[in-house]
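J.: Mind having a look at this structure? Questions to follow.
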Amino acid sequence: MKTEQIVLASRPTGLPVSNNFRIEQVELPEIDAGEILLKGMYYSVDPYMRGRMNDTKSYVPPFEINKPLNGSVIGKVVESKSDNYKSGDVVVGSFPWQKDFIATEKDVRIIDITIARASYYLSILGMTGLTAYFGLMQIGKPKAGETVVVSAAAGAVGIVVGQIARIQGCHVVGIAGSDEKTKMLISGFGFNEAINYKTISDMNKAIAEACPKGVDVYFDNVGGEISDAVIKNINFHARIPLCGQISLYNSTETPMGPRLQPMLLTKSVLMQGFIVSNYQAQFPEGIKMLAQWIKEGKLKFTETIEHGFENLPTALLGLFKGENTGKMIVEA
């Protein structure tokens with residue numbers, strides 16, 4: 001059968017553009033014993049994909065030119081030659097950006113869509129929620145009464161981090177890029193305060209006013225000038241989970257900024273980078289806690305869902321313009 005795929009046509013310089021992608025047809029073979037044929041339902045769109053568009057060594061291989069991009073996908077089984085999966089099962093796994101694709105049994109995990117809608121397994125019950133949970137709880141180690149600051153707080157991970165910090169009894173300050181988003185963080189997700197970095201002329205002062213007791217935990221999703229300002233307000237023995245640096249992903253030159261090491265040194269601050277797969281052995285624990293908090297009404301989530309498989313590149317570009325609130329997902 002024929003299907004469509006989205007390939008990386010060229011490597012971007014700076015901010016990606018639509019010409020860096022191409023839609024083409026591909027022929028799928030018949031499935032073999034132990035394999036399943038899947039139709040894509042929901043596709044995860046994530047900031048880390050920008051790094052994979054560069055031909056540089058990282059914790060995952062770069063995307064190849066003229067080959068499909070890939071990421072987390074929710075798919076429905078349409079044909080099975082596996083004893084463990086049947087037509088109609090809904091599964092999650094890491095797959096190419098194709099409308100239809102073939103998987104082996106070890107590539108997928110069946111999901112229970114009676115607990116939550118399918119797309120949640122790409123967001124709050126998937127890598128997004130687990131990234132927030134383990135980054136905050138394992139590295140941030142929040143304590144009741146402490147102040148937690150979250151950058152990109154209206155993004156997929158940030159929304160969850162802030163709510164978990166509130167569950168732990170912390171004073172939570174979110175940083176986002178519009179008044180609409182900052183109001184949503186406070187009224188919809190229980191943040192104590194929120195700062196619109198696009199309308200603030202002195203971020204250092206804004207952080208100091210929002211965090212009169214200083215910053216005990218900074219969940220860093222963005223880097224750049226925002227992180228410089230937060231770290232100037234950091235407390236002794238603070239913890240900084242380093243999750244993302246989206247403000248720097250499209251830089252064409254090496255960015256210059258304050259030298260942070262003296263502040264980290266003199267205040268005995270822990271800054272630790274991580275990727276969620278570091279905690280893979282503990283995923284069941286994380287999913288159990290996230291599901292429990294959702295069931296108890298302590299944890300809420302929002303998604304930005306674009307429609308149409310062909311709009312995957314547009315959705316990815318939208319991440320770097322701040323067009324998403326919560327998790328960016330494309331529904332095929």
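Identifiers in the structure tokens: chain A, B, ... in order shown; residue index from 1 per chain; ligand index from 1 in order shown.
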So that I can see what lies close to Ala176 (chain A), please list as a PyMOL selection string the residues with an atom at most 10 Å from it, counting only C-alpha atoms and leaving out residues fewer than 5 positions away in the same chain.

T.: chain A and resi 150-155+158+181-183+185+194-198+322+325

J.: Using DSSP on the backbone coordinates, identify the residues of region 174-248 of chain A assigned to strand (DSSP E); present them as a ChimeraX atom specification.

T.: /A:174-176,193-196,215-219,234-242

J.: So which bits of region 94-132 of chain A end up helix (DSSP H, G or I) when you DSSP the backbone, as a PyMOL selection string?

T.: chain A and resi 105-107+118-122+127-132

J.: Of the residues A:Asn235, A:Ser119, A:Ser277, A:Gln245, which is the one nearest to Met263 (chain A), using only C-alpha atoms?

T.: A:Asn235

J.: Using only C-alpha atoms, determine which residues lie at most 10 Å from Val230 (chain A), disregarding the query and same-chain residues fewer than 4 positions distant; provide the list as a list in words.

T.: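 Residues near the query, excluding close chain neighbours: Val149, Val150, Ser151, Met203, Asn204, Lys205, Ala206, Ile207, Ala208, Cys211, Gly214, Val215, Val217, Tyr218, Asp220, Gly223, Glu225, Ile226 and Ile234 of chain A.
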
J.: When you look at region 7-24 of chain A with a cut-off of 7 Å (counting only C-alpha atoms), what residues show up, excluding the ones that are within fewer than 2 positions of it in the same chain? I need them as number ranges by chain.

T.: A: 4-5, 26, 53-54, 64-69, 250-252, 313, 317

J.: Those selected residues, please, written with N, CA and C atoms and delivered as an mmCIF file, in the first residue's frame.

T.:
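Generated output (part28.cif):
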data_model
loop_
_atom_site.group_PDB
_atom_site.id
_atom_site.type_symbol
_atom_site.label_atom_id
_atom_site.label_comp_id
_atom_site.auth_asym_id
_atom_site.auth_seq_id
_atom_site.Cartn_x
_atom_site.Cartn_y
_atom_site.Cartn_z
ATOM 1 N N GLU A 4 1.819 8.433 2.851
ATOM 2 C CA GLU A 4 2.592 9.668 2.764
ATOM 3 C C GLU A 4 3.532 9.786 3.956
ATOM 4 N N GLN A 5 4.661 10.432 3.720
ATOM 5 C CA GLN A 5 5.604 10.704 4.794
ATOM 6 C C GLN A 5 6.155 12.115 4.632
ATOM 7 N N VAL A 26 5.347 6.904 -0.245
ATOM 8 C CA VAL A 26 6.229 5.763 -0.039
ATOM 9 C C VAL A 26 5.378 4.499 -0.078
ATOM 10 N N MET A 53 17.645 18.234 13.837
ATOM 11 C CA MET A 53 17.737 18.678 12.451
ATOM 12 C C MET A 53 19.149 19.132 12.096
ATOM 13 N N ASN A 54 20.001 19.286 13.113
ATOM 14 C CA ASN A 54 21.407 19.627 12.888
ATOM 15 C C ASN A 54 22.226 18.349 12.768
ATOM 16 N N GLU A 64 18.034 12.292 9.272
ATOM 17 C CA GLU A 64 18.786 12.183 8.029
ATOM 18 C C GLU A 64 18.082 12.946 6.912
ATOM 19 N N ILE A 65 18.881 13.562 6.050
ATOM 20 C CA ILE A 65 18.317 14.246 4.896
ATOM 21 C C ILE A 65 17.599 13.230 4.006
ATOM 22 N N ASN A 66 16.437 13.634 3.504
ATOM 23 C CA ASN A 66 15.598 12.813 2.619
ATOM 24 C C ASN A 66 15.046 11.568 3.303
ATOM 25 N N LYS A 67 15.060 11.574 4.633
ATOM 26 C CA LYS A 67 14.434 10.512 5.423
ATOM 27 C C LYS A 67 13.369 11.154 6.315
ATOM 28 N N PRO A 68 12.338 10.403 6.691
ATOM 29 C CA PRO A 68 11.275 11.001 7.508
ATOM 30 C C PRO A 68 11.754 11.375 8.907
ATOM 31 N N LEU A 69 11.211 12.470 9.414
ATOM 32 C CA LEU A 69 11.401 12.788 10.822
ATOM 33 C C LEU A 69 10.647 11.745 11.626
ATOM 34 N N ASN A 250 17.861 27.980 17.859
ATOM 35 C CA ASN A 250 17.993 28.468 16.495
ATOM 36 C C ASN A 250 19.119 29.484 16.328
ATOM 37 N N SER A 251 19.987 29.602 17.328
ATOM 38 C CA SER A 251 21.101 30.549 17.243
ATOM 39 C C SER A 251 22.091 30.103 16.173
ATOM 40 N N THR A 252 22.539 31.053 15.386
ATOM 41 C CA THR A 252 23.542 30.755 14.363
ATOM 42 C C THR A 252 24.949 31.110 14.829
ATOM 43 N N PRO A 313 4.904 20.003 9.900
ATOM 44 C CA PRO A 313 5.970 21.015 9.883
ATOM 45 C C PRO A 313 5.511 22.376 10.404
ATOM 46 N N LEU A 317 7.181 24.485 13.535
ATOM 47 C CA LEU A 317 7.638 25.873 13.442
ATOM 48 C C LEU A 317 6.910 26.753 14.457
#

J.: Counting only C-alpha atoms, what are the residues of region 248-308 of chain A within 8 Å of region 128-137 of chain A, and for each of them which pair of atoms is the nearest and at what distance in Å, to one decimal? Sort the table by chain and rising number, as JSON lines.

T.:
{"residue": "A:Phe274", "atom": "CA", "partner": "A:Gly135", "partner_atom": "CA", "distance": 7.3}
{"residue": "A:Ile275", "atom": "CA", "partner": "A:Thr131", "partner_atom": "CA", "distance": 7.4}
{"residue": "A:Val276", "atom": "CA", "partner": "A:Thr131", "partner_atom": "CA", "distance": 5.2}
{"residue": "A:Tyr279", "atom": "CA", "partner": "A:Phe134", "partner_atom": "CA", "distance": 7.2}
{"residue": "A:Phe283", "atom": "CA", "partner": "A:Leu130", "partner_atom": "CA", "distance": 7.1}
{"residue": "A:Gly286", "atom": "CA", "partner": "A:Leu130", "partner_atom": "CA", "distance": 6.1}
{"residue": "A:Ile287", "atom": "CA", "partner": "A:Leu130", "partner_atom": "CA", "distance": 7.1}
{"residue": "A:Leu290", "atom": "CA", "partner": "A:Gly129", "partner_atom": "CA", "distance": 7.3}

J.: Would you output that residue set with all heavy atoms, as a PDB file, in the first residue's frame?

T.:
ATOM      1  N   PHE A 274      19.279  16.941  32.253  1.00  0.00           N
ATOM      2  CA  PHE A 274      18.718  15.585  32.228  1.00  0.00           C
ATOM      3  C   PHE A 274      17.895  15.392  30.971  1.00  0.00           C
ATOM      4  O   PHE A 274      17.443  16.345  30.341  1.00  0.00           O
ATOM      5  CB  PHE A 274      17.847  15.331  33.468  1.00  0.00           C
ATOM      6  CG  PHE A 274      16.492  15.993  33.417  1.00  0.00           C
ATOM      7  CD1 PHE A 274      15.350  15.281  33.075  1.00  0.00           C
ATOM      8  CD2 PHE A 274      16.353  17.348  33.717  1.00  0.00           C
ATOM      9  CE1 PHE A 274      14.113  15.897  33.022  1.00  0.00           C
ATOM     10  CE2 PHE A 274      15.117  17.973  33.666  1.00  0.00           C
ATOM     11  CZ  PHE A 274      13.989  17.241  33.322  1.00  0.00           C
ATOM     12  N   ILE A 275      17.710  14.141  30.603  1.00  0.00           N
ATOM     13  CA  ILE A 275      16.710  13.746  29.618  1.00  0.00           C
ATOM     14  C   ILE A 275      15.833  12.689  30.276  1.00  0.00           C
ATOM     15  O   ILE A 275      16.286  11.936  31.145  1.00  0.00           O
ATOM     16  CB  ILE A 275      17.347  13.217  28.315  1.00  0.00           C
ATOM     17  CG1 ILE A 275      18.355  12.099  28.598  1.00  0.00           C
ATOM     18  CG2 ILE A 275      18.018  14.348  27.551  1.00  0.00           C
ATOM     19  CD1 ILE A 275      18.940  11.463  27.351  1.00  0.00           C
ATOM     20  N   VAL A 276      14.597  12.642  29.884  1.00  0.00           N
ATOM     21  CA  VAL A 276      13.629  11.828  30.612  1.00  0.00           C
ATOM     22  C   VAL A 276      13.989  10.349  30.578  1.00  0.00           C
ATOM     23  O   VAL A 276      13.692   9.598  31.538  1.00  0.00           O
ATOM     24  CB  VAL A 276      12.204  12.083  30.083  1.00  0.00           C
ATOM     25  CG1 VAL A 276      12.036  11.540  28.666  1.00  0.00           C
ATOM     26  CG2 VAL A 276      11.157  11.488  31.016  1.00  0.00           C
ATOM     27  N   TYR A 279      15.409   8.150  33.438  1.00  0.00           N
ATOM     28  CA  TYR A 279      14.566   7.603  34.505  1.00  0.00           C
ATOM     29  C   TYR A 279      13.635   6.502  34.000  1.00  0.00           C
ATOM     30  O   TYR A 279      12.612   6.217  34.631  1.00  0.00           O
ATOM     31  CB  TYR A 279      13.758   8.736  35.149  1.00  0.00           C
ATOM     32  CG  TYR A 279      14.628   9.832  35.706  1.00  0.00           C
ATOM     33  CD1 TYR A 279      14.894  10.982  34.971  1.00  0.00           C
ATOM     34  CD2 TYR A 279      15.222   9.708  36.961  1.00  0.00           C
ATOM     35  CE1 TYR A 279      15.715  11.981  35.480  1.00  0.00           C
ATOM     36  CE2 TYR A 279      16.046  10.698  37.471  1.00  0.00           C
ATOM     37  CZ  TYR A 279      16.286  11.832  36.729  1.00  0.00           C
ATOM     38  OH  TYR A 279      17.110  12.820  37.223  1.00  0.00           O
ATOM     39  N   PHE A 283       9.612   4.813  35.177  1.00  0.00           N
ATOM     40  CA  PHE A 283       8.421   5.320  34.489  1.00  0.00           C
ATOM     41  C   PHE A 283       7.115   4.829  35.118  1.00  0.00           C
ATOM     42  O   PHE A 283       6.174   5.625  35.271  1.00  0.00           O
ATOM     43  CB  PHE A 283       8.457   4.935  33.008  1.00  0.00           C
ATOM     44  CG  PHE A 283       9.333   5.840  32.161  1.00  0.00           C
ATOM     45  CD1 PHE A 283      10.080   6.861  32.727  1.00  0.00           C
ATOM     46  CD2 PHE A 283       9.402   5.653  30.789  1.00  0.00           C
ATOM     47  CE1 PHE A 283      10.888   7.684  31.947  1.00  0.00           C
ATOM     48  CE2 PHE A 283      10.194   6.486  29.996  1.00  0.00           C
ATOM     49  CZ  PHE A 283      10.941   7.491  30.582  1.00  0.00           C
ATOM     50  N   GLY A 286       6.217   7.056  37.969  1.00  0.00           N
ATOM     51  CA  GLY A 286       5.803   8.382  37.538  1.00  0.00           C
ATOM     52  C   GLY A 286       4.401   8.385  36.959  1.00  0.00           C
ATOM     53  O   GLY A 286       3.580   9.263  37.290  1.00  0.00           O
ATOM     54  N   ILE A 287       4.095   7.424  36.105  1.00  0.00           N
ATOM     55  CA  ILE A 287       2.763   7.358  35.499  1.00  0.00           C
ATOM     56  C   ILE A 287       1.703   7.128  36.566  1.00  0.00           C
ATOM     57  O   ILE A 287       0.613   7.720  36.523  1.00  0.00           O
ATOM     58  CB  ILE A 287       2.726   6.245  34.424  1.00  0.00           C
ATOM     59  CG1 ILE A 287       3.617   6.626  33.232  1.00  0.00           C
ATOM     60  CG2 ILE A 287       1.288   6.001  33.953  1.00  0.00           C
ATOM     61  CD1 ILE A 287       3.787   5.519  32.215  1.00  0.00           C
ATOM     62  N   LEU A 290       1.160  10.524  38.394  1.00  0.00           N
ATOM     63  CA  LEU A 290       0.474  11.486  37.534  1.00  0.00           C
ATOM     64  C   LEU A 290      -0.998  11.104  37.370  1.00  0.00           C
ATOM     65  O   LEU A 290      -1.881  11.967  37.454  1.00  0.00           O
ATOM     66  CB  LEU A 290       1.166  11.539  36.169  1.00  0.00           C
ATOM     67  CG  LEU A 290       2.581  12.138  36.161  1.00  0.00           C
ATOM     68  CD1 LEU A 290       3.274  11.823  34.840  1.00  0.00           C
ATOM     69  CD2 LEU A 290       2.545  13.634  36.391  1.00  0.00           C
TER      70      LEU A 290
END

J.: With distances taken over only C-alpha atoms, which of A:Gly297, A:Asn278, A:Lys321, A:Asp228 is nearest to Tyr59 (chain A)?

T.: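 When distances to Tyr59 (chain A) are compared using only C-alpha atoms, the smallest one comes from A:Asn278.
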
J.: Pick from A:Leu270, A:Val330, A:Leu264, A:Ala156: nearest to Pro47 (chain A), with only C-alpha atoms counted?

T.: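 Closest candidate: A:Ala156.
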
J.: Could you please determine the separation between CA of Gln25 (chain A) and CA of Ser82 (chain A) in Å, to one decimal place?

T.: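 Interatomic distance here is 26.5 Å.
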
J.: Got a sec: who's within 9 Å of Ala118 (chain A), counting only C-alpha atoms, leaving out chain neighbours fewer than 5 positions off, as a list in words?

T.: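 These residues fall inside the cut-off: Met41, Tyr42, Ile74, Val90, Val91, Ile111, Asp112 and Ile113 of chain A.
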
J.: Residues of the last selection are to be written out with all heavy atoms, as a PDB file, in the first residue's frame.

T.:
ATOM      1  N   MET A  41      -2.724   8.398  14.522  1.00  0.00           N
ATOM      2  CA  MET A  41      -3.841   9.189  15.036  1.00  0.00           C
ATOM      3  C   MET A  41      -3.360  10.550  15.534  1.00  0.00           C
ATOM      4  O   MET A  41      -3.866  11.587  15.134  1.00  0.00           O
ATOM      5  CB  MET A  41      -4.529   8.435  16.177  1.00  0.00           C
ATOM      6  CG  MET A  41      -5.159   7.119  15.792  1.00  0.00           C
ATOM      7  SD  MET A  41      -5.723   6.194  17.256  1.00  0.00           S
ATOM      8  CE  MET A  41      -6.933   7.321  17.976  1.00  0.00           C
ATOM      9  N   TYR A  42      -2.382  10.531  16.448  1.00  0.00           N
ATOM     10  CA  TYR A  42      -1.837  11.752  17.032  1.00  0.00           C
ATOM     11  C   TYR A  42      -0.317  11.708  16.972  1.00  0.00           C
ATOM     12  O   TYR A  42       0.299  10.679  17.275  1.00  0.00           O
ATOM     13  CB  TYR A  42      -2.273  11.902  18.492  1.00  0.00           C
ATOM     14  CG  TYR A  42      -3.757  12.061  18.695  1.00  0.00           C
ATOM     15  CD1 TYR A  42      -4.553  10.967  19.030  1.00  0.00           C
ATOM     16  CD2 TYR A  42      -4.373  13.305  18.571  1.00  0.00           C
ATOM     17  CE1 TYR A  42      -5.918  11.103  19.222  1.00  0.00           C
ATOM     18  CE2 TYR A  42      -5.741  13.450  18.757  1.00  0.00           C
ATOM     19  CZ  TYR A  42      -6.503  12.349  19.092  1.00  0.00           C
ATOM     20  OH  TYR A  42      -7.847  12.486  19.282  1.00  0.00           O
ATOM     21  N   ILE A  74       0.706   8.188  18.535  1.00  0.00           N
ATOM     22  CA  ILE A  74      -0.397   7.297  18.909  1.00  0.00           C
ATOM     23  C   ILE A  74      -0.978   6.731  17.617  1.00  0.00           C
ATOM     24  O   ILE A  74      -1.314   7.477  16.692  1.00  0.00           O
ATOM     25  CB  ILE A  74      -1.509   8.050  19.661  1.00  0.00           C
ATOM     26  CG1 ILE A  74      -0.975   8.723  20.917  1.00  0.00           C
ATOM     27  CG2 ILE A  74      -2.655   7.093  19.997  1.00  0.00           C
ATOM     28  CD1 ILE A  74      -0.564   7.801  22.013  1.00  0.00           C
ATOM     29  N   VAL A  90      -5.251   0.564  20.364  1.00  0.00           N
ATOM     30  CA  VAL A  90      -4.581   1.860  20.275  1.00  0.00           C
ATOM     31  C   VAL A  90      -3.259   1.769  21.039  1.00  0.00           C
ATOM     32  O   VAL A  90      -3.230   1.322  22.193  1.00  0.00           O
ATOM     33  CB  VAL A  90      -5.461   2.989  20.853  1.00  0.00           C
ATOM     34  CG1 VAL A  90      -4.746   4.337  20.762  1.00  0.00           C
ATOM     35  CG2 VAL A  90      -6.792   3.060  20.094  1.00  0.00           C
ATOM     36  N   VAL A  91      -2.174   2.164  20.389  1.00  0.00           N
ATOM     37  CA  VAL A  91      -0.839   1.967  20.943  1.00  0.00           C
ATOM     38  C   VAL A  91      -0.033   3.252  20.827  1.00  0.00           C
ATOM     39  O   VAL A  91      -0.382   4.174  20.080  1.00  0.00           O
ATOM     40  CB  VAL A  91      -0.091   0.820  20.224  1.00  0.00           C
ATOM     41  CG1 VAL A  91      -0.865  -0.492  20.350  1.00  0.00           C
ATOM     42  CG2 VAL A  91       0.150   1.163  18.760  1.00  0.00           C
ATOM     43  N   ILE A 111      -2.299   1.324  25.062  1.00  0.00           N
ATOM     44  CA  ILE A 111      -2.739   2.329  26.027  1.00  0.00           C
ATOM     45  C   ILE A 111      -4.223   2.152  26.314  1.00  0.00           C
ATOM     46  O   ILE A 111      -4.977   1.636  25.482  1.00  0.00           O
ATOM     47  CB  ILE A 111      -2.458   3.760  25.537  1.00  0.00           C
ATOM     48  CG1 ILE A 111      -3.184   4.053  24.217  1.00  0.00           C
ATOM     49  CG2 ILE A 111      -0.958   3.980  25.387  1.00  0.00           C
ATOM     50  CD1 ILE A 111      -3.047   5.485  23.751  1.00  0.00           C
ATOM     51  N   ASP A 112      -4.616   2.581  27.494  1.00  0.00           N
ATOM     52  CA  ASP A 112      -5.994   2.436  27.951  1.00  0.00           C
ATOM     53  C   ASP A 112      -6.702   3.777  27.771  1.00  0.00           C
ATOM     54  O   ASP A 112      -6.508   4.707  28.566  1.00  0.00           O
ATOM     55  CB  ASP A 112      -6.019   2.013  29.416  1.00  0.00           C
ATOM     56  CG  ASP A 112      -7.432   1.726  29.924  1.00  0.00           C
ATOM     57  OD1 ASP A 112      -8.397   2.001  29.189  1.00  0.00           O
ATOM     58  OD2 ASP A 112      -7.557   1.242  31.069  1.00  0.00           O
ATOM     59  N   ILE A 113      -7.495   3.910  26.720  1.00  0.00           N
ATOM     60  CA  ILE A 113      -8.152   5.186  26.449  1.00  0.00           C
ATOM     61  C   ILE A 113      -9.455   5.345  27.235  1.00  0.00           C
ATOM     62  O   ILE A 113     -10.189   6.313  27.026  1.00  0.00           O
ATOM     63  CB  ILE A 113      -8.404   5.375  24.940  1.00  0.00           C
ATOM     64  CG1 ILE A 113      -9.235   4.239  24.353  1.00  0.00           C
ATOM     65  CG2 ILE A 113      -7.090   5.515  24.186  1.00  0.00           C
ATOM     66  CD1 ILE A 113      -9.608   4.441  22.886  1.00  0.00           C
TER      67      ILE A 113
END

J.: Which polymer residues have any atom within 12 Å of an atom of Gly190 (chain A), counting only C-alpha atoms, with same-chain residues fewer than 4 positions away left out, as a list in words?

T.: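 The filter keeps Ala153, Ile159, Val160, Val161, Gly162, Gln163, Ile164, Ala165, Arg166, Ile167, Gly169, Cys170, His171, Val172, Val173, Gly174, Thr182, Lys183, Met184, Leu185, Ile186, Ala194, Lys298, Leu299, Lys300 and Phe301 of chain A.
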
J.: Put those residues in a file: C-alpha atoms, as a PDB file, in the first residue's frame.

T.:
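Result saved to result.pdb:
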ATOM      1  CA  ALA A 153       5.561  27.811  32.082  1.00  0.00           C
ATOM      2  CA  ILE A 159       2.315  23.592  33.087  1.00  0.00           C
ATOM      3  CA  VAL A 160       2.837  20.224  34.763  1.00  0.00           C
ATOM      4  CA  VAL A 161       5.937  21.312  36.693  1.00  0.00           C
ATOM      5  CA  GLY A 162       4.101  24.265  38.236  1.00  0.00           C
ATOM      6  CA  GLN A 163       1.148  22.160  39.351  1.00  0.00           C
ATOM      7  CA  ILE A 164       3.359  19.460  40.881  1.00  0.00           C
ATOM      8  CA  ALA A 165       5.261  22.166  42.757  1.00  0.00           C
ATOM      9  CA  ARG A 166       1.964  23.514  44.107  1.00  0.00           C
ATOM     10  CA  ILE A 167       0.987  19.985  45.193  1.00  0.00           C
ATOM     11  CA  GLY A 169       3.250  23.152  48.945  1.00  0.00           C
ATOM     12  CA  CYS A 170       5.542  25.569  47.095  1.00  0.00           C
ATOM     13  CA  HIS A 171       5.125  29.199  46.024  1.00  0.00           C
ATOM     14  CA  VAL A 172       5.180  28.938  42.218  1.00  0.00           C
ATOM     15  CA  VAL A 173       6.061  31.659  39.716  1.00  0.00           C
ATOM     16  CA  GLY A 174       5.663  31.013  35.998  1.00  0.00           C
ATOM     17  CA  THR A 182       0.058  34.384  32.403  1.00  0.00           C
ATOM     18  CA  LYS A 183      -3.603  34.808  33.368  1.00  0.00           C
ATOM     19  CA  MET A 184      -4.250  31.178  32.430  1.00  0.00           C
ATOM     20  CA  LEU A 185      -1.366  29.959  34.609  1.00  0.00           C
ATOM     21  CA  ILE A 186      -2.845  31.683  37.663  1.00  0.00           C
ATOM     22  CA  ALA A 194       3.169  34.753  36.478  1.00  0.00           C
ATOM     23  CA  LYS A 298      -5.026  18.050  41.448  1.00  0.00           C
ATOM     24  CA  LEU A 299      -3.474  17.993  37.997  1.00  0.00           C
ATOM     25  CA  LYS A 300      -4.991  19.551  34.892  1.00  0.00           C
ATOM     26  CA  PHE A 301      -3.653  19.916  31.387  1.00  0.00           C
TER      27      PHE A 301
END

J.: For a test of reading the model, state the distance in Å between CA of Asn324 (chain A) and CA of Ile305 (chain A), rounded to one decimal.

T.: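 A separation of 8.7 Å between them.
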